[in-house]
file protein.tsv (TSV, N, CA and C atoms)
chain	number	residue	atom	x	y	z
A	1	MET	N	9.89	55.90	133.26
A	1	MET	CA	11.10	56.27	132.55
A	1	MET	C	10.79	57.26	131.43
A	2	LEU	N	9.72	57.02	130.69
A	2	LEU	CA	9.33	57.90	129.60
A	2	LEU	C	8.97	59.29	130.13
A	3	VAL	N	8.27	59.34	131.25
A	3	VAL	CA	7.89	60.63	131.84
A	3	VAL	C	9.13	61.41	132.24
A	4	ARG	N	10.11	60.77	132.87
A	4	ARG	CA	11.33	61.44	133.27
A	4	ARG	C	12.07	61.98	132.03
A	5	SER	N	12.12	61.22	130.95
A	5	SER	CA	12.78	61.67	129.72
A	5	SER	C	12.08	62.88	129.13
A	6	LEU	N	10.76	62.87	129.15
A	6	LEU	CA	10.01	64.01	128.63
A	6	LEU	C	10.23	65.25	129.48
A	7	VAL	N	10.26	65.09	130.79
A	7	VAL	CA	10.49	66.21	131.68
A	7	VAL	C	11.88	66.79	131.45
A	8	CYS	N	12.90	65.95	131.31
A	8	CYS	CA	14.25	66.42	131.05
A	8	CYS	C	14.33	67.14	129.71
A	9	PHE	N	13.69	66.58	128.68
A	9	PHE	CA	13.69	67.21	127.36
A	9	PHE	C	13.02	68.58	127.43
A	10	PHE	N	11.90	68.68	128.11
A	10	PHE	CA	11.16	69.94	128.23
A	10	PHE	C	12.00	70.97	128.97
A	11	ALA	N	12.68	70.59	130.03
A	11	ALA	CA	13.49	71.53	130.79
A	11	ALA	C	14.65	72.06	129.95
A	12	VAL	N	15.28	71.21	129.18
A	12	VAL	CA	16.38	71.63	128.33
A	12	VAL	C	15.88	72.54	127.22
A	13	SER	N	14.75	72.23	126.60
A	13	SER	CA	14.27	73.04	125.49
A	13	SER	C	13.80	74.42	125.96
A	14	VAL	N	13.28	74.54	127.16
A	14	VAL	CA	12.85	75.83	127.68
A	14	VAL	C	14.05	76.70	128.04
A	15	ALA	N	15.13	76.10	128.51
A	15	ALA	CA	16.29	76.86	128.93
A	15	ALA	C	17.04	77.48	127.75
A	16	TRP	N	16.92	76.93	126.55
A	16	TRP	CA	17.66	77.42	125.39
A	16	TRP	C	16.88	78.54	124.72
A	17	ALA	N	17.44	79.73	124.69
A	17	ALA	CA	16.80	80.87	124.02
A	17	ALA	C	17.48	81.11	122.68
A	18	GLU	N	16.71	81.46	121.68
A	18	GLU	CA	17.25	81.68	120.36
A	18	GLU	C	16.79	83.02	119.81
A	19	ILE	N	17.73	83.80	119.26
A	19	ILE	CA	17.43	85.08	118.64
A	19	ILE	C	17.35	84.85	117.14
A	20	ALA	N	16.26	85.29	116.51
A	20	ALA	CA	16.11	85.11	115.06
A	20	ALA	C	15.54	86.38	114.44
A	21	ASP	N	15.78	86.55	113.16
A	21	ASP	CA	15.23	87.66	112.38
A	21	ASP	C	15.48	89.02	113.01
A	22	ALA	N	16.69	89.26	113.49
A	22	ALA	CA	17.02	90.54	114.13
A	22	ALA	C	17.25	91.61	113.07
A	23	THR	N	16.64	92.77	113.27
A	23	THR	CA	16.80	93.91	112.35
A	23	THR	C	16.97	95.19	113.15
A	24	VAL	N	17.66	96.15	112.55
A	24	VAL	CA	17.84	97.47	113.14
A	24	VAL	C	17.45	98.51	112.10
A	25	GLU	N	16.67	99.48	112.51
A	25	GLU	CA	16.29	100.58	111.63
A	25	GLU	C	16.60	101.89	112.34
A	26	GLN	N	17.27	102.79	111.66
A	26	GLN	CA	17.55	104.10	112.25
A	26	GLN	C	16.29	104.94	112.08
A	27	THR	N	15.75	105.43	113.20
A	27	THR	CA	14.49	106.18	113.18
A	27	THR	C	14.69	107.68	113.35
A	28	GLY	N	15.89	108.10	113.65
A	28	GLY	CA	16.20	109.52	113.84
A	28	GLY	C	17.67	109.66	114.17
A	29	VAL	N	18.07	110.88	114.54
A	29	VAL	CA	19.46	111.11	114.90
A	29	VAL	C	19.75	110.37	116.20
A	30	HIS	N	20.66	109.42	116.14
A	30	HIS	CA	21.07	108.60	117.29
A	30	HIS	C	19.94	107.75	117.85
A	31	ARG	N	18.88	107.52	117.08
A	31	ARG	CA	17.73	106.72	117.54
A	31	ARG	C	17.57	105.50	116.62
A	32	TYR	N	17.33	104.36	117.26
A	32	TYR	CA	17.24	103.10	116.53
A	32	TYR	C	16.08	102.26	117.05
A	33	HIS	N	15.50	101.49	116.15
A	33	HIS	CA	14.47	100.52	116.52
A	33	HIS	C	15.02	99.14	116.21
A	34	ILE	N	15.11	98.29	117.23
A	34	ILE	CA	15.62	96.93	117.09
A	34	ILE	C	14.45	95.97	117.25
A	35	ALA	N	14.30	95.07	116.29
A	35	ALA	CA	13.23	94.06	116.35
A	35	ALA	C	13.85	92.68	116.14
A	36	PHE	N	13.27	91.67	116.79
A	36	PHE	CA	13.78	90.31	116.68
A	36	PHE	C	12.72	89.34	117.16
A	37	ARG	N	12.92	88.08	116.84
A	37	ARG	CA	12.06	87.01	117.36
A	37	ARG	C	12.85	86.24	118.40
A	38	MET	N	12.16	85.81	119.43
A	38	MET	CA	12.80	85.03	120.49
A	38	MET	C	12.09	83.71	120.68
A	39	GLY	N	12.83	82.71	121.01
A	39	GLY	CA	12.26	81.44	121.39
A	39	GLY	C	13.00	80.95	122.63
A	40	PRO	N	12.36	80.67	123.72
A	40	PRO	CA	10.94	80.90	123.98
A	40	PRO	C	10.62	82.39	124.08
A	41	ALA	N	9.35	82.70	123.91
A	41	ALA	CA	8.91	84.10	123.79
A	41	ALA	C	9.19	84.95	125.03
A	42	ASP	N	9.26	84.35	126.20
A	42	ASP	CA	9.43	85.13	127.43
A	42	ASP	C	10.90	85.28	127.86
A	43	ALA	N	11.83	84.90	127.01
A	43	ALA	CA	13.26	85.00	127.35
A	43	ALA	C	13.69	86.46	127.38
A	44	ARG	N	14.67	86.77	128.21
A	44	ARG	CA	15.17	88.14	128.36
A	44	ARG	C	16.43	88.30	127.50
A	45	VAL	N	16.52	89.46	126.84
A	45	VAL	CA	17.65	89.77	125.97
A	45	VAL	C	18.31	91.06	126.47
A	46	SER	N	19.63	91.02	126.62
A	46	SER	CA	20.41	92.22	126.94
A	46	SER	C	20.93	92.80	125.65
A	47	ILE	N	20.87	94.13	125.50
A	47	ILE	CA	21.30	94.79	124.28
A	47	ILE	C	22.50	95.68	124.60
A	48	PHE	N	23.59	95.45	123.87
A	48	PHE	CA	24.83	96.21	124.02
A	48	PHE	C	25.06	97.00	122.75
A	49	ALA	N	25.73	98.16	122.84
A	49	ALA	CA	26.10	98.95	121.66
A	49	ALA	C	27.62	98.92	121.52
A	50	SER	N	28.07	98.99	120.26
A	50	SER	CA	29.50	98.93	119.99
A	50	SER	C	29.82	99.63	118.68
A	51	HIS	N	31.08	100.02	118.52
A	51	HIS	CA	31.56	100.54	117.25
A	51	HIS	C	32.07	99.40	116.36
A	52	SER	N	32.07	98.18	116.87
A	52	SER	CA	32.61	97.02	116.16
A	52	SER	C	31.58	95.90	116.08
A	53	PRO	N	31.53	95.18	114.96
A	53	PRO	CA	30.62	94.03	114.88
A	53	PRO	C	31.14	92.81	115.62
A	54	ASP	N	32.40	92.86	116.06
A	54	ASP	CA	33.03	91.69	116.66
A	54	ASP	C	32.62	91.42	118.10
A	55	GLN	N	32.53	92.48	118.92
A	55	GLN	CA	32.18	92.29	120.33
A	55	GLN	C	31.74	93.60	120.94
A	56	PRO	N	30.95	93.53	122.00
A	56	PRO	CA	30.55	94.76	122.71
A	56	PRO	C	31.76	95.43	123.36
A	57	GLU	N	31.74	96.75	123.42
A	57	GLU	CA	32.84	97.49	124.04
A	57	GLU	C	32.68	97.63	125.55
A	58	ASP	N	31.46	97.53	126.02
A	58	ASP	CA	31.17	97.74	127.43
A	58	ASP	C	30.52	96.48	128.00
A	59	ALA	N	30.85	96.14	129.21
A	59	ALA	CA	30.27	94.95	129.85
A	59	ALA	C	28.84	95.19	130.32
A	60	LYS	N	28.44	96.46	130.40
A	60	LYS	CA	27.10	96.80	130.88
A	60	LYS	C	26.17	97.03	129.69
A	61	PRO	N	25.02	96.33	129.64
A	61	PRO	CA	24.09	96.53	128.52
A	61	PRO	C	23.43	97.90	128.59
A	62	ILE	N	23.02	98.42	127.42
A	62	ILE	CA	22.30	99.70	127.41
A	62	ILE	C	20.85	99.51	127.80
A	63	THR	N	20.33	98.30	127.60
A	63	THR	CA	18.99	97.95	128.05
A	63	THR	C	18.83	96.44	128.04
A	64	ALA	N	17.78	95.96	128.68
A	64	ALA	CA	17.41	94.54	128.66
A	64	ALA	C	15.90	94.49	128.50
A	65	THR	N	15.43	93.51	127.73
A	65	THR	CA	14.00	93.44	127.45
A	65	THR	C	13.54	92.00	127.29
A	66	SER	N	12.27	91.78	127.58
A	66	SER	CA	11.61	90.50	127.29
A	66	SER	C	10.70	90.65	126.08
A	67	ASP	N	10.57	91.89	125.57
A	67	ASP	CA	9.75	92.15	124.39
A	67	ASP	C	10.52	91.76	123.13
A	68	SER	N	9.83	91.76	122.00
A	68	SER	CA	10.48	91.41	120.74
A	68	SER	C	10.98	92.64	119.99
A	69	ALA	N	10.99	93.79	120.67
A	69	ALA	CA	11.48	95.02	120.04
A	69	ALA	C	11.93	95.99	121.13
A	70	ALA	N	12.82	96.91	120.73
A	70	ALA	CA	13.29	97.93	121.67
A	70	ALA	C	13.65	99.18	120.88
A	71	ASP	N	13.36	100.34	121.46
A	71	ASP	CA	13.76	101.61	120.89
A	71	ASP	C	14.95	102.12	121.70
A	72	ILE	N	16.03	102.43	121.00
A	72	ILE	CA	17.30	102.79	121.63
A	72	ILE	C	17.68	104.21	121.23
A	73	HIS	N	18.17	104.99	122.19
A	73	HIS	CA	18.72	106.32	121.91
A	73	HIS	C	20.17	106.33	122.38
A	74	LEU	N	21.09	106.54	121.43
A	74	LEU	CA	22.52	106.59	121.74
A	74	LEU	C	22.97	108.05	121.67
A	75	HIS	N	22.74	108.78	122.72
A	75	HIS	CA	23.04	110.21	122.75
A	75	HIS	C	24.53	110.46	122.51
A	76	GLY	N	24.84	111.30	121.51
A	76	GLY	CA	26.22	111.67	121.23
A	76	GLY	C	27.05	110.60	120.53
A	77	TRP	N	26.44	109.56	120.01
A	77	TRP	CA	27.16	108.47	119.36
A	77	TRP	C	27.77	108.97	118.05
A	78	THR	N	29.00	108.57	117.78
A	78	THR	CA	29.63	108.90	116.49
A	78	THR	C	29.97	107.60	115.78
A	79	GLY	N	29.82	107.60	114.47
A	79	GLY	CA	30.12	106.40	113.69
A	79	GLY	C	28.95	105.44	113.66
A	80	ARG	N	29.18	104.32	113.00
A	80	ARG	CA	28.14	103.31	112.86
A	80	ARG	C	27.95	102.57	114.17
A	81	ALA	N	26.69	102.30	114.49
A	81	ALA	CA	26.37	101.57	115.72
A	81	ALA	C	26.08	100.11	115.39
A	82	TYR	N	26.73	99.22	116.11
A	82	TYR	CA	26.44	97.79	116.04
A	82	TYR	C	25.79	97.41	117.36
A	83	PHE	N	24.76	96.59	117.29
A	83	PHE	CA	24.08	96.15	118.50
A	83	PHE	C	24.29	94.66	118.68
A	84	HIS	N	24.62	94.28	119.90
A	84	HIS	CA	24.86	92.89	120.25
A	84	HIS	C	23.72	92.46	121.16
A	85	LEU	N	22.93	91.50	120.70
A	85	LEU	CA	21.82	90.97	121.48
A	85	LEU	C	22.29	89.70	122.16
A	86	LYS	N	22.14	89.64	123.47
A	86	LYS	CA	22.66	88.50	124.22
A	86	LYS	C	21.58	87.91	125.12
A	87	THR	N	21.40	86.60	125.02
A	87	THR	CA	20.42	85.90	125.85
A	87	THR	C	21.07	85.53	127.18
A	88	ALA	N	20.25	85.09	128.12
A	88	ALA	CA	20.75	84.70	129.44
A	88	ALA	C	21.69	83.51	129.37
A	89	ASP	N	21.52	82.65	128.36
A	89	ASP	CA	22.40	81.48	128.23
A	89	ASP	C	23.65	81.77	127.41
A	90	GLY	N	23.87	83.05	127.04
A	90	GLY	CA	25.12	83.44	126.40
A	90	GLY	C	25.11	83.54	124.89
A	91	GLN	N	23.99	83.17	124.24
A	91	GLN	CA	23.94	83.30	122.79
A	91	GLN	C	23.96	84.78	122.42
A	92	THR	N	24.80	85.15	121.45
A	92	THR	CA	24.94	86.55	121.05
A	92	THR	C	24.72	86.68	119.55
A	93	ARG	N	24.06	87.75	119.16
A	93	ARG	CA	23.80	88.05	117.75
A	93	ARG	C	24.12	89.52	117.51
A	94	ALA	N	24.98	89.83	116.54
A	94	ALA	CA	25.34	91.21	116.20
A	94	ALA	C	24.49	91.67	115.02
A	95	VAL	N	23.92	92.88	115.14
A	95	VAL	CA	23.11	93.46	114.07
A	95	VAL	C	23.40	94.95	113.95
A	96	SER	N	23.14	95.49	112.77
A	96	SER	CA	23.30	96.91	112.53
A	96	SER	C	22.34	97.31	111.43
A	97	ILE	N	22.27	98.62	111.15
A	97	ILE	CA	21.38	99.06	110.08
A	97	ILE	C	21.85	98.48	108.76
A	98	ARG	N	20.90	98.16	107.88
A	98	ARG	CA	21.24	97.57	106.59
A	98	ARG	C	21.16	98.60	105.46
A	99	ARG	N	20.43	99.68	105.69
A	99	ARG	CA	20.28	100.71	104.66
A	99	ARG	C	21.24	101.85	104.95
A	100	LEU	N	22.08	102.15	103.99
A	100	LEU	CA	23.06	103.21	104.16
A	100	LEU	C	22.44	104.58	103.89
A	101	PRO	N	22.73	105.56	104.72
A	101	PRO	CA	22.22	106.91	104.48
A	101	PRO	C	23.04	107.61	103.40
A	102	LEU	N	22.67	107.41	102.13
A	102	LEU	CA	23.45	107.94	101.02
A	102	LEU	C	22.74	109.08	100.27
A	103	GLU	N	21.73	109.69	100.88
A	103	GLU	CA	21.05	110.78	100.22
A	103	GLU	C	22.04	111.89	99.91
A	104	GLY	N	22.02	112.36	98.65
A	104	GLY	CA	22.89	113.46	98.25
A	104	GLY	C	24.30	113.05	97.89
A	105	GLN	N	24.61	111.75	97.86
A	105	GLN	CA	25.96	111.30	97.52
A	105	GLN	C	26.13	111.23	96.00
A	106	ASN	N	27.30	111.60	95.51
A	106	ASN	CA	27.60	111.55	94.09
A	106	ASN	C	28.29	110.23	93.73
A	107	ASN	N	28.10	109.81	92.49
A	107	ASN	CA	28.78	108.65	91.91
A	107	ASN	C	28.60	107.36	92.72
A	108	PHE	N	27.40	107.10	93.14
A	108	PHE	CA	27.14	105.87	93.87
A	108	PHE	C	27.41	104.65	92.99
A	109	ARG	N	27.28	104.79	91.68
A	109	ARG	CA	27.49	103.64	90.79
A	109	ARG	C	28.90	103.08	90.88
A	110	ASP	N	29.86	103.87	91.39
A	110	ASP	CA	31.23	103.40	91.52
A	110	ASP	C	31.43	102.45	92.70
A	111	LEU	N	30.45	102.37	93.56
A	111	LEU	CA	30.58	101.51	94.73
A	111	LEU	C	30.19	100.09	94.36
A	112	GLY	N	31.03	99.14	94.71
A	112	GLY	CA	30.79	97.75	94.31
A	112	GLY	C	29.98	96.96	95.31
A	113	GLY	N	30.14	97.21	96.57
A	113	GLY	CA	29.42	96.44	97.58
A	113	GLY	C	29.69	96.97	98.97
A	114	TYR	N	28.97	96.40	99.93
A	114	TYR	CA	29.07	96.87	101.30
A	114	TYR	C	28.84	95.69	102.22
A	115	ARG	N	29.70	95.56	103.23
A	115	ARG	CA	29.54	94.47	104.20
A	115	ARG	C	30.21	94.84	105.51
A	116	TRP	N	29.44	94.85	106.58
A	116	TRP	CA	29.92	95.06	107.93
A	116	TRP	C	30.93	96.23	108.04
A	117	GLY	N	30.50	97.39	107.60
A	117	GLY	CA	31.32	98.57	107.81
A	117	GLY	C	32.42	98.78	106.79
A	118	ARG	N	32.47	97.96	105.75
A	118	ARG	CA	33.47	98.13	104.72
A	118	ARG	C	32.79	98.38	103.39
A	119	LEU	N	33.33	99.29	102.63
A	119	LEU	CA	32.80	99.63	101.33
A	119	LEU	C	33.75	99.10	100.27
A	120	TYR	N	33.24	98.37	99.30
A	120	TYR	CA	34.05	97.80	98.25
A	120	TYR	C	33.81	98.57	96.96
A	121	ARG	N	34.85	98.93	96.27
A	121	ARG	CA	34.73	99.67	95.03
A	121	ARG	C	34.73	98.72	93.86
A	122	SER	N	33.84	98.97	92.91
A	122	SER	CA	33.79	98.13	91.72
A	122	SER	C	34.93	98.49	90.79
A	123	ARG	N	35.29	97.58	89.92
A	123	ARG	CA	36.38	97.82	88.96
A	123	ARG	C	35.85	98.37	87.68

call {"tool": "encode", "arguments": {"input": "protein.tsv", "output": "structure tokens"}}
result
Amino acid sequence: MLVRSLVCFFAVSVAWAEIADATVEQTGVHRYHIAFRMGPADARVSIFASHSPDQPEDAKPITATSDSAADIHLHGWTGRAYFHLKTADGQTRAVSIRRLPLEGQNNFRDLGGYRWGRLYRSR
């Protein structure tokens, strides 16, 4: 009985994939580097691109990988890119770049905050 319980527990724990520590860095014009941790390590992740953090716009992923990183080129993309990482069991994680490209911008001190594509002005 104990052996059967252990086997069932092991099968369930292997089937569950978890995405953790996902980051996106813009490496060039329309080029991004996505890094993340997976558990278990050999799980496959599908990567979707979107203009919205809420859900992917296309049912077809731009790539799929078993590695813990991927380099993405979104040729001709306009606006901010959000990436949706999806495991085979349906777990989804949305990520985007965290550093805003503000080189050469005036009066940055007037900006109060930033969250998921929205800019908040300080009072």

call {"tool": "closest_residue", "arguments": {"input": "protein.tsv", "among": "A:Lys60, A:Arg93, A:His51, A:Arg98", "to": "Gly79 (chain A)", "atoms": "all atoms listed in the file"}}
result
A:His51

call {"tool": "atom_distance", "arguments": {"input": "protein.tsv", "atom1": "CA of Trp77 (chain A)", "atom2": "CA of Ala17 (chain A)"}}
result
29.8 Å

call {"tool": "atom_distance", "arguments": {"input": "protein.tsv", "atom1": "CA of His30 (chain A)", "atom2": "CA of Asp89 (chain A)"}}
result
29.3 Å

call {"tool": "atom_distance", "arguments": {"input": "protein.tsv", "atom1": "CA of Arg44 (chain A)", "atom2": "atom N of Ala88 (chain A)"}}
result
5.9 Å

call {"tool": "axis_aligned_box", "arguments": {"input": "protein.tsv", "around": "region 51-66 of chain A", "padding_each_side": "6 Å", "output": "AutoDock Vina command-line options"}}
result
--center_x 21.9 --center_y 95.5 --center_z 122.9 --size_x 34.3 --size_y 22.0 --size_z 28.0

call {"tool": "decode", "arguments": {"input": "protein.tsv", "residues": "region 37-64 of chain A", "atoms": "N, CA and C atoms", "output": "PDB file, in the first residue's frame"}}
result
ATOM      1  N   ARG A  37      12.735  29.761 -14.621  1.00  0.00           N
ATOM      2  CA  ARG A  37      13.035  28.464 -14.020  1.00  0.00           C
ATOM      3  C   ARG A  37      11.822  27.574 -14.189  1.00  0.00           C
ATOM      4  N   MET A  38      12.070  26.307 -14.426  1.00  0.00           N
ATOM      5  CA  MET A  38      10.988  25.342 -14.587  1.00  0.00           C
ATOM      6  C   MET A  38      11.143  24.205 -13.597  1.00  0.00           C
ATOM      7  N   GLY A  39      10.050  23.699 -13.137  1.00  0.00           N
ATOM      8  CA  GLY A  39      10.049  22.497 -12.334  1.00  0.00           C
ATOM      9  C   GLY A  39       8.931  21.597 -12.839  1.00  0.00           C
ATOM     10  N   PRO A  40       9.181  20.385 -13.234  1.00  0.00           N
ATOM     11  CA  PRO A  40      10.498  19.767 -13.379  1.00  0.00           C
ATOM     12  C   PRO A  40      11.281  20.386 -14.538  1.00  0.00           C
ATOM     13  N   ALA A  41      12.586  20.199 -14.497  1.00  0.00           N
ATOM     14  CA  ALA A  41      13.489  20.880 -15.429  1.00  0.00           C
ATOM     15  C   ALA A  41      13.251  20.527 -16.900  1.00  0.00           C
ATOM     16  N   ASP A  42      12.722  19.357 -17.195  1.00  0.00           N
ATOM     17  CA  ASP A  42      12.559  18.944 -18.590  1.00  0.00           C
ATOM     18  C   ASP A  42      11.178  19.269 -19.168  1.00  0.00           C
ATOM     19  N   ALA A  43      10.387  20.053 -18.466  1.00  0.00           N
ATOM     20  CA  ALA A  43       9.043  20.402 -18.946  1.00  0.00           C
ATOM     21  C   ALA A  43       9.138  21.344 -20.139  1.00  0.00           C
ATOM     22  N   ARG A  44       8.171  21.275 -21.033  1.00  0.00           N
ATOM     23  CA  ARG A  44       8.145  22.105 -22.239  1.00  0.00           C
ATOM     24  C   ARG A  44       7.245  23.322 -21.994  1.00  0.00           C
ATOM     25  N   VAL A  45       7.703  24.482 -22.474  1.00  0.00           N
ATOM     26  CA  VAL A  45       6.973  25.733 -22.315  1.00  0.00           C
ATOM     27  C   VAL A  45       6.700  26.317 -23.697  1.00  0.00           C
ATOM     28  N   SER A  46       5.451  26.692 -23.940  1.00  0.00           N
ATOM     29  CA  SER A  46       5.081  27.408 -25.165  1.00  0.00           C
ATOM     30  C   SER A  46       5.089  28.890 -24.858  1.00  0.00           C
ATOM     31  N   ILE A  47       5.635  29.704 -25.775  1.00  0.00           N
ATOM     32  CA  ILE A  47       5.738  31.141 -25.571  1.00  0.00           C
ATOM     33  C   ILE A  47       4.882  31.852 -26.615  1.00  0.00           C
ATOM     34  N   PHE A  48       3.967  32.685 -26.123  1.00  0.00           N
ATOM     35  CA  PHE A  48       3.064  33.464 -26.964  1.00  0.00           C
ATOM     36  C   PHE A  48       3.404  34.940 -26.795  1.00  0.00           C
ATOM     37  N   ALA A  49       3.172  35.753 -27.828  1.00  0.00           N
ATOM     38  CA  ALA A  49       3.361  37.210 -27.735  1.00  0.00           C
ATOM     39  C   ALA A  49       2.000  37.882 -27.829  1.00  0.00           C
ATOM     40  N   SER A  50       1.894  39.037 -27.148  1.00  0.00           N
ATOM     41  CA  SER A  50       0.625  39.751 -27.128  1.00  0.00           C
ATOM     42  C   SER A  50       0.862  41.231 -26.875  1.00  0.00           C
ATOM     43  N   HIS A  51      -0.115  42.048 -27.238  1.00  0.00           N
ATOM     44  CA  HIS A  51      -0.095  43.459 -26.900  1.00  0.00           C
ATOM     45  C   HIS A  51      -0.757  43.703 -25.537  1.00  0.00           C
ATOM     46  N   SER A  52      -1.285  42.658 -24.926  1.00  0.00           N
ATOM     47  CA  SER A  52      -2.023  42.756 -23.667  1.00  0.00           C
ATOM     48  C   SER A  52      -1.449  41.801 -22.620  1.00  0.00           C
ATOM     49  N   PRO A  53      -1.399  42.223 -21.357  1.00  0.00           N
ATOM     50  CA  PRO A  53      -0.944  41.303 -20.309  1.00  0.00           C
ATOM     51  C   PRO A  53      -2.009  40.287 -19.908  1.00  0.00           C
ATOM     52  N   ASP A  54      -3.233  40.474 -20.393  1.00  0.00           N
ATOM     53  CA  ASP A  54      -4.341  39.631 -19.956  1.00  0.00           C
ATOM     54  C   ASP A  54      -4.384  38.257 -20.612  1.00  0.00           C
ATOM     55  N   GLN A  55      -4.113  38.195 -21.927  1.00  0.00           N
ATOM     56  CA  GLN A  55      -4.179  36.905 -22.619  1.00  0.00           C
ATOM     57  C   GLN A  55      -3.459  36.996 -23.955  1.00  0.00           C
ATOM     58  N   PRO A  56      -2.994  35.862 -24.463  1.00  0.00           N
ATOM     59  CA  PRO A  56      -2.364  35.857 -25.792  1.00  0.00           C
ATOM     60  C   PRO A  56      -3.391  36.208 -26.875  1.00  0.00           C
ATOM     61  N   GLU A  57      -2.926  36.877 -27.923  1.00  0.00           N
ATOM     62  CA  GLU A  57      -3.819  37.241 -29.027  1.00  0.00           C
ATOM     63  C   GLU A  57      -3.955  36.137 -30.060  1.00  0.00           C
ATOM     64  N   ASP A  58      -2.977  35.261 -30.116  1.00  0.00           N
ATOM     65  CA  ASP A  58      -2.954  34.220 -31.130  1.00  0.00           C
ATOM     66  C   ASP A  58      -2.919  32.854 -30.445  1.00  0.00           C
ATOM     67  N   ALA A  59      -3.607  31.890 -30.991  1.00  0.00           N
ATOM     68  CA  ALA A  59      -3.632  30.547 -30.405  1.00  0.00           C
ATOM     69  C   ALA A  59      -2.345  29.778 -30.697  1.00  0.00           C
ATOM     70  N   LYS A  60      -1.562  30.254 -31.667  1.00  0.00           N
ATOM     71  CA  LYS A  60      -0.325  29.566 -32.046  1.00  0.00           C
ATOM     72  C   LYS A  60       0.869  30.220 -31.346  1.00  0.00           C
ATOM     73  N   PRO A  61       1.686  29.427 -30.627  1.00  0.00           N
ATOM     74  CA  PRO A  61       2.849  30.012 -29.950  1.00  0.00           C
ATOM     75  C   PRO A  61       3.912  30.459 -30.952  1.00  0.00           C
ATOM     76  N   ILE A  62       4.721  31.453 -30.559  1.00  0.00           N
ATOM     77  CA  ILE A  62       5.813  31.879 -31.433  1.00  0.00           C
ATOM     78  C   ILE A  62       6.990  30.924 -31.335  1.00  0.00           C
ATOM     79  N   THR A  63       7.096  30.209 -30.216  1.00  0.00           N
ATOM     80  CA  THR A  63       8.103  29.170 -30.058  1.00  0.00           C
ATOM     81  C   THR A  63       7.725  28.289 -28.875  1.00  0.00           C
ATOM     82  N   ALA A  64       8.378  27.150 -28.774  1.00  0.00           N
ATOM     83  CA  ALA A  64       8.233  26.250 -27.625  1.00  0.00           C
ATOM     84  C   ALA A  64       9.625  25.752 -27.278  1.00  0.00           C
TER      85      ALA A  64
END
